[in-house]
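Contents: one structure, followed by commentary.
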Amino acid sequence: MRVLRRGDVGDDVAEIRSMLASIGLLRPDAGNLFDHEVERAVRGFQQRRGLLIDGVVGSATYHVLRGATFHLGSRPLAYLISAPVHGDDVFALQDRLTELGYDAGRPDGVFGPKTEQALRSFQRDYGLVIDGICGPATVRALRQLSPRARGGRPVLLREQEQVRQSGPRLRGKRIVIDPGHGGADPGVEIAGLREADVVWDLARRLEGRMKATGMEALISRGPDNGPAESERAAFANNAGADLFLSLHCDRNSSPHAQGVASFHFGNGLGTTSTVGELLAGYLQREVAARTGLLDCRTHAKTWDILRLTRCPAVRMEIGYLSNPGDRAKLSDPAFRDIVAEGILIAVKRLYLLGEGDQPTGTFTFADVLAHELAKAE
C-alpha cells in the first residue's frame with residue numbers, strides 16, 4: 001500500500017476513513033480526503049495502540065488499524081503459517097482463553113501456535129470439535145462459561161515466576177544483543193558519526209562484560225549487515241533467548257531534543273510484557289543515573305521488534321545524535337563503557353528481584369562479578 005498523509009485523496013483514503021469511523025474515532029461519511037480530522041484521528045489511534053505518532057498511515061498503522069475493526073465472532077480464526085491472522089478479535093480470544101485457565105501465551109493479537117494449542121485444549125475439555133478453529137460454536141462456548149479467575153494478570157504472573165525460578169545468577173542465562181541498523185542502513189548519521197557504528201561498538205562492549213559473568217551473549221547481526229526486525233526477532237526466538245535488548249540512537253529536527261528512553265511491548269489494550277516493562281525501568285534508572293543523560297522514561301509500543309520476540313524484549317534509544325551534547329558523549333569510547341556497565345547492572349537487578357540490591361547507580365561491574373563468584377561457591 002502507498003503511505004497516506006494529509007492532502008491525499010482516493011479510495012484507499014476512503015477505506016481509512018471507514019475503518020476509523022467503525023471504531024468511533026471519526027464521523028461516518030463517504031469522503032475520500034485525508035484532511036486534518038483524519039490526521040487527528042490517526043494520531044489518536046497511534047497513541048492508543050503504541051505506534052509511532054506521526055499522523056501518517058504506513059504499513060504498521062494500517063496493519064493495526066485493520067485489525068482493530070474485528071471483534072470476536074466476526075470471522076473464523078485459525079492458525080495459518082503463511083499468513084498469520086491478527087486483530088482485536090484474536091486478542092479477545094487470547095484474553096478469554098487466559099481467563100478460563102488456558103495458556104495462550106502473551107496476548108498479542110496474533111493467532112500463533114500457542115493460541116491454537118490453548119484453543120484445542122479448550123475445545124477438547126468442552127466437548128467441541130477439536131479443529132483449532134474459532135468458529136460460531138466455539139465463540140458461543142467461550143461466552144457461556146464463567147472465567148476461573150479474574151484479575152491477577154496470569155501472563156504477568158507466569159513471566160515473573162520464570163524470572164524467579166531462574167535464580168539471581170547471570171551465569172547460564174542467554175541474552176540477544178541487537179545493535180540497530182547495519183549494512184546498507186547506517187541509521188542516523190550526523191557530523192560523521194553513524195548510529196549503526198555507535199551501537200555496534202556498544203554491543204561488543206556489552207557482550208564482553210556479559211560473557212565475563214557467565215552469561216551467553218549473542219549479537220543479532222554482523223558489522224556489515226542489517227537484518228529486518230522480523231529476522232532479528234526470529235534469531236532471538238530460535239536461540240531460545242531469555243532476554244532481548246535492541247540498541248539504537250535517536251534524532252530530532254530540534255537540536256534541543258536529548259536523553260535516553262526505553263520501550264517494551266504493550267498494545268494499549270491492557271496487555272504488556274511485564275518483565276520487559278520491569279527491565280525497561282531498571283535500564284532507564286541505571287543509564288540515566290550513570291551518564292547524566294536526560295531520563296525520557298519508559299513507553300509501551302507494538303513495534304515488531306518487541307511484539308514478535310517470545311522472550312521479554314526492550315529497545316533503548318540512547319541519546320540523540322542530533323543533539324550536540326549527546327553526540328559528544330556517544331562519540332567517546334569511555335562513555336560507551338559506562339553505558340555498557342549500566343545495562344549489565346540493570347539486567348542483574350532484574351534477576352535479583354530486589355534481594356541484596358543496592359541504590360541506583362552504585363552497583364559496579366566488580367560487585368556483579370563478586371556476587372556471581374560468591375553464588376558459585
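Chain labels run A, B, ... following the order of the C-alpha cells; each chain numbers its residues from 1, and ligands are numbered from 1 in the order shown.
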Between segment 256-320 of chain A and segment 237-250 of chain A, at 8 Å or less, what are the per-residue closest atom pairs and their distances in Å? Count only C-alpha atoms, order by chain and rising residue number, and return it as JSON lines.
{"residue": "A:Thr309", "atom": "CA", "partner": "A:Asn237", "partner_atom": "CA", "distance": 6.2}
{"residue": "A:Arg310", "atom": "CA", "partner": "A:Asn237", "partner_atom": "CA", "distance": 6.1}
{"residue": "A:Cys311", "atom": "CA", "partner": "A:Leu243", "partner_atom": "CA", "distance": 5.7}
{"residue": "A:Pro312", "atom": "CA", "partner": "A:Leu243", "partner_atom": "CA", "distance": 5.4}
{"residue": "A:Ala313", "atom": "CA", "partner": "A:Phe244", "partner_atom": "CA", "distance": 4.5}
{"residue": "A:Val314", "atom": "CA", "partner": "A:Leu245", "partner_atom": "CA", "distance": 5.1}
{"residue": "A:Arg315", "atom": "CA", "partner": "A:Ser246", "partner_atom": "CA", "distance": 4.5}
{"residue": "A:Met316", "atom": "CA", "partner": "A:Leu247", "partner_atom": "CA", "distance": 5.2}
{"residue": "A:Glu317", "atom": "CA", "partner": "A:His248", "partner_atom": "CA", "distance": 4.8}
{"residue": "A:Ile318", "atom": "CA", "partner": "A:Cys249", "partner_atom": "CA", "distance": 4.9}
{"residue": "A:Gly319", "atom": "CA", "partner": "A:Cys249", "partner_atom": "CA", "distance": 5.5}
{"residue": "A:Tyr320", "atom": "CA", "partner": "A:Asp250", "partner_atom": "CA", "distance": 4.5}
For N, CA and C atoms, I'd like the residues from the last selection saved as a PDB file, in the first residue's frame.
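What landed in result-v1.pdb:
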ATOM      1  N   THR A 309       9.131 -11.007  19.421  1.00  0.00           N
ATOM      2  CA  THR A 309      10.012 -11.790  20.282  1.00  0.00           C
ATOM      3  C   THR A 309       9.183 -12.497  21.350  1.00  0.00           C
ATOM      4  N   ARG A 310       9.484 -13.772  21.560  1.00  0.00           N
ATOM      5  CA  ARG A 310       8.729 -14.525  22.562  1.00  0.00           C
ATOM      6  C   ARG A 310       9.248 -14.279  23.972  1.00  0.00           C
ATOM      7  N   CYS A 311      10.486 -13.821  24.090  1.00  0.00           N
ATOM      8  CA  CYS A 311      11.036 -13.511  25.409  1.00  0.00           C
ATOM      9  C   CYS A 311      10.829 -12.023  25.707  1.00  0.00           C
ATOM     10  N   PRO A 312      10.976 -11.606  26.965  1.00  0.00           N
ATOM     11  CA  PRO A 312      10.890 -10.172  27.265  1.00  0.00           C
ATOM     12  C   PRO A 312      11.918  -9.390  26.449  1.00  0.00           C
ATOM     13  N   ALA A 313      11.480  -8.286  25.860  1.00  0.00           N
ATOM     14  CA  ALA A 313      12.341  -7.506  24.966  1.00  0.00           C
ATOM     15  C   ALA A 313      12.242  -6.026  25.309  1.00  0.00           C
ATOM     16  N   VAL A 314      13.363  -5.329  25.159  1.00  0.00           N
ATOM     17  CA  VAL A 314      13.416  -3.887  25.373  1.00  0.00           C
ATOM     18  C   VAL A 314      14.223  -3.260  24.245  1.00  0.00           C
ATOM     19  N   ARG A 315      13.741  -2.142  23.746  1.00  0.00           N
ATOM     20  CA  ARG A 315      14.517  -1.334  22.802  1.00  0.00           C
ATOM     21  C   ARG A 315      14.909  -0.053  23.508  1.00  0.00           C
ATOM     22  N   MET A 316      16.200   0.279  23.449  1.00  0.00           N
ATOM     23  CA  MET A 316      16.695   1.509  24.064  1.00  0.00           C
ATOM     24  C   MET A 316      17.102   2.501  22.985  1.00  0.00           C
ATOM     25  N   GLU A 317      16.703   3.750  23.165  1.00  0.00           N
ATOM     26  CA  GLU A 317      17.179   4.858  22.339  1.00  0.00           C
ATOM     27  C   GLU A 317      18.131   5.655  23.225  1.00  0.00           C
ATOM     28  N   ILE A 318      19.419   5.467  22.999  1.00  0.00           N
ATOM     29  CA  ILE A 318      20.445   6.008  23.901  1.00  0.00           C
ATOM     30  C   ILE A 318      21.012   7.290  23.308  1.00  0.00           C
ATOM     31  N   GLY A 319      20.446   8.403  23.675  1.00  0.00           N
ATOM     32  CA  GLY A 319      20.934   9.694  23.221  1.00  0.00           C
ATOM     33  C   GLY A 319      20.466  10.075  21.836  1.00  0.00           C
ATOM     34  N   TYR A 320      20.526  11.374  21.554  1.00  0.00           N
ATOM     35  CA  TYR A 320      20.151  11.939  20.256  1.00  0.00           C
ATOM     36  C   TYR A 320      21.420  12.400  19.546  1.00  0.00           C
TER      37      TYR A 320
END
At a cut-off of 10 Å, using only C-alpha atoms, what residues contact segment 46-56 of chain A? Leave out same-chain residues fewer than 6 positions from it and give the result as a ChimeraX atom specification. /A:3-6,34,36,38-40,62,64-65,68,263-269,299-303
Hey, can you spit out that residue selection with N, CA, C and O atoms as an mmCIF file, in the first residue's frame?
data_model
loop_
_atom_site.group_PDB
_atom_site.id
_atom_site.type_symbol
_atom_site.label_atom_id
_atom_site.label_comp_id
_atom_site.auth_asym_id
_atom_site.auth_seq_id
_atom_site.Cartn_x
_atom_site.Cartn_y
_atom_site.Cartn_z
ATOM 1 N N VAL A 3 1.903 5.006 1.256
ATOM 2 C CA VAL A 3 1.830 5.744 2.512
ATOM 3 C C VAL A 3 0.862 6.899 2.337
ATOM 4 O O VAL A 3 0.925 7.639 1.347
ATOM 5 N N LEU A 4 -0.056 7.038 3.293
ATOM 6 C CA LEU A 4 -1.102 8.060 3.201
ATOM 7 C C LEU A 4 -0.886 9.127 4.257
ATOM 8 O O LEU A 4 -0.613 8.821 5.423
ATOM 9 N N ARG A 5 -1.038 10.382 3.845
ATOM 10 C CA ARG A 5 -0.888 11.504 4.777
ATOM 11 C C ARG A 5 -1.844 12.624 4.380
ATOM 12 O O ARG A 5 -2.539 12.526 3.358
ATOM 13 N N ARG A 6 -1.864 13.684 5.191
ATOM 14 C CA ARG A 6 -2.797 14.780 4.947
ATOM 15 C C ARG A 6 -2.627 15.331 3.527
ATOM 16 O O ARG A 6 -1.512 15.555 3.050
ATOM 17 N N PHE A 34 -7.942 12.906 2.868
ATOM 18 C CA PHE A 34 -7.175 12.788 4.107
ATOM 19 C C PHE A 34 -6.977 14.210 4.641
ATOM 20 O O PHE A 34 -6.002 14.886 4.341
ATOM 21 N N HIS A 36 -7.456 17.249 8.022
ATOM 22 C CA HIS A 36 -6.897 17.395 9.364
ATOM 23 C C HIS A 36 -7.638 16.540 10.386
ATOM 24 O O HIS A 36 -7.041 16.086 11.372
ATOM 25 N N VAL A 38 -8.935 13.547 9.807
ATOM 26 C CA VAL A 38 -8.414 12.191 9.652
ATOM 27 C C VAL A 38 -7.041 12.088 10.314
ATOM 28 O O VAL A 38 -6.747 11.124 11.030
ATOM 29 N N GLU A 39 -6.210 13.093 10.091
ATOM 30 C CA GLU A 39 -4.880 13.075 10.696
ATOM 31 C C GLU A 39 -4.976 13.047 12.218
ATOM 32 O O GLU A 39 -4.242 12.300 12.885
ATOM 33 N N ARG A 40 -5.874 13.838 12.776
ATOM 34 C CA ARG A 40 -6.048 13.857 14.228
ATOM 35 C C ARG A 40 -6.522 12.495 14.734
ATOM 36 O O ARG A 40 -6.047 12.005 15.771
ATOM 37 N N TYR A 62 -1.576 0.803 9.267
ATOM 38 C CA TYR A 62 -2.673 0.156 8.529
ATOM 39 C C TYR A 62 -2.926 -1.242 9.079
ATOM 40 O O TYR A 62 -4.087 -1.649 9.266
ATOM 41 N N VAL A 64 -2.409 -2.488 12.084
ATOM 42 C CA VAL A 64 -3.075 -2.469 13.388
ATOM 43 C C VAL A 64 -4.485 -1.901 13.266
ATOM 44 O O VAL A 64 -5.419 -2.381 13.917
ATOM 45 N N LEU A 65 -4.670 -0.888 12.424
ATOM 46 C CA LEU A 65 -5.990 -0.281 12.251
ATOM 47 C C LEU A 65 -6.975 -1.275 11.667
ATOM 48 O O LEU A 65 -8.121 -1.370 12.123
ATOM 49 N N ALA A 68 -8.106 -3.673 14.234
ATOM 50 C CA ALA A 68 -8.998 -3.096 15.242
ATOM 51 C C ALA A 68 -10.461 -3.130 14.826
ATOM 52 O O ALA A 68 -11.352 -2.912 15.654
ATOM 53 N N PHE A 263 11.764 1.147 25.613
ATOM 54 C CA PHE A 263 10.452 0.735 25.117
ATOM 55 C C PHE A 263 10.274 -0.768 25.314
ATOM 56 O O PHE A 263 11.183 -1.556 25.041
ATOM 57 N N HIS A 264 9.088 -1.140 25.777
ATOM 58 C CA HIS A 264 8.739 -2.547 25.966
ATOM 59 C C HIS A 264 7.417 -2.818 25.262
ATOM 60 O O HIS A 264 6.709 -1.878 24.872
ATOM 61 N N PHE A 265 7.062 -4.086 25.108
ATOM 62 C CA PHE A 265 5.812 -4.412 24.430
ATOM 63 C C PHE A 265 4.598 -4.044 25.277
ATOM 64 O O PHE A 265 4.527 -4.336 26.462
ATOM 65 N N GLY A 266 3.633 -3.387 24.648
ATOM 66 C CA GLY A 266 2.353 -3.087 25.257
ATOM 67 C C GLY A 266 1.413 -2.654 24.161
ATOM 68 O O GLY A 266 1.801 -1.848 23.296
ATOM 69 N N ASN A 267 0.212 -3.210 24.123
ATOM 70 C CA ASN A 267 -0.658 -2.994 22.961
ATOM 71 C C ASN A 267 -1.761 -1.970 23.168
ATOM 72 O O ASN A 267 -2.619 -1.793 22.301
ATOM 73 N N GLY A 268 -1.786 -1.291 24.301
ATOM 74 C CA GLY A 268 -2.820 -0.292 24.535
ATOM 75 C C GLY A 268 -4.154 -0.869 24.942
ATOM 76 O O GLY A 268 -5.122 -0.136 25.156
ATOM 77 N N LEU A 269 -4.240 -2.208 25.049
ATOM 78 C CA LEU A 269 -5.484 -2.868 25.440
ATOM 79 C C LEU A 269 -5.353 -3.527 26.810
ATOM 80 O O LEU A 269 -6.130 -4.400 27.164
ATOM 81 N N HIS A 299 8.205 3.409 27.777
ATOM 82 C CA HIS A 299 6.976 3.516 26.991
ATOM 83 C C HIS A 299 6.605 2.158 26.402
ATOM 84 O O HIS A 299 7.489 1.386 26.006
ATOM 85 N N ALA A 300 5.308 1.890 26.355
ATOM 86 C CA ALA A 300 4.811 0.654 25.737
ATOM 87 C C ALA A 300 4.591 0.884 24.248
ATOM 88 O O ALA A 300 4.000 1.885 23.848
ATOM 89 N N LYS A 301 5.071 -0.052 23.423
ATOM 90 C CA LYS A 301 4.930 0.035 21.977
ATOM 91 C C LYS A 301 4.600 -1.334 21.394
ATOM 92 O O LYS A 301 4.836 -2.366 22.029
ATOM 93 N N THR A 302 4.076 -1.313 20.175
ATOM 94 C CA THR A 302 3.750 -2.569 19.491
ATOM 95 C C THR A 302 4.677 -2.813 18.305
ATOM 96 O O THR A 302 4.342 -3.541 17.383
ATOM 97 N N TRP A 303 5.853 -2.222 18.317
ATOM 98 C CA TRP A 303 6.797 -2.408 17.230
ATOM 99 C C TRP A 303 7.115 -3.891 17.056
ATOM 100 O O TRP A 303 7.162 -4.658 18.023
#
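Remark: for Ser166 of chain A, the closest of the candidate residues A:Ala280, A:Arg251, A:Leu202, A:Leu353 is A:Leu353 (distances computed over only C-alpha atoms).
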Residues within 12 Å of Gly325 of chain A, please, as number ranges by chain. Count only C-alpha atoms; anything in the same chain fewer than 5 positions from it doesn't count. A: 255-259, 291-294, 319-320, 330-332
As a ChimeraX atom specification, please: the residues near Leu145 of chain A (cut-off 12 Å, only C-alpha atoms, same-chain neighbours under 2 positions excluded). /A:96-97,99-101,122,126,138-143,147-149
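In this structure, atom CA of Ser74 of chain A sits 17.2 Å away from atom CA of Ala21 of chain A.
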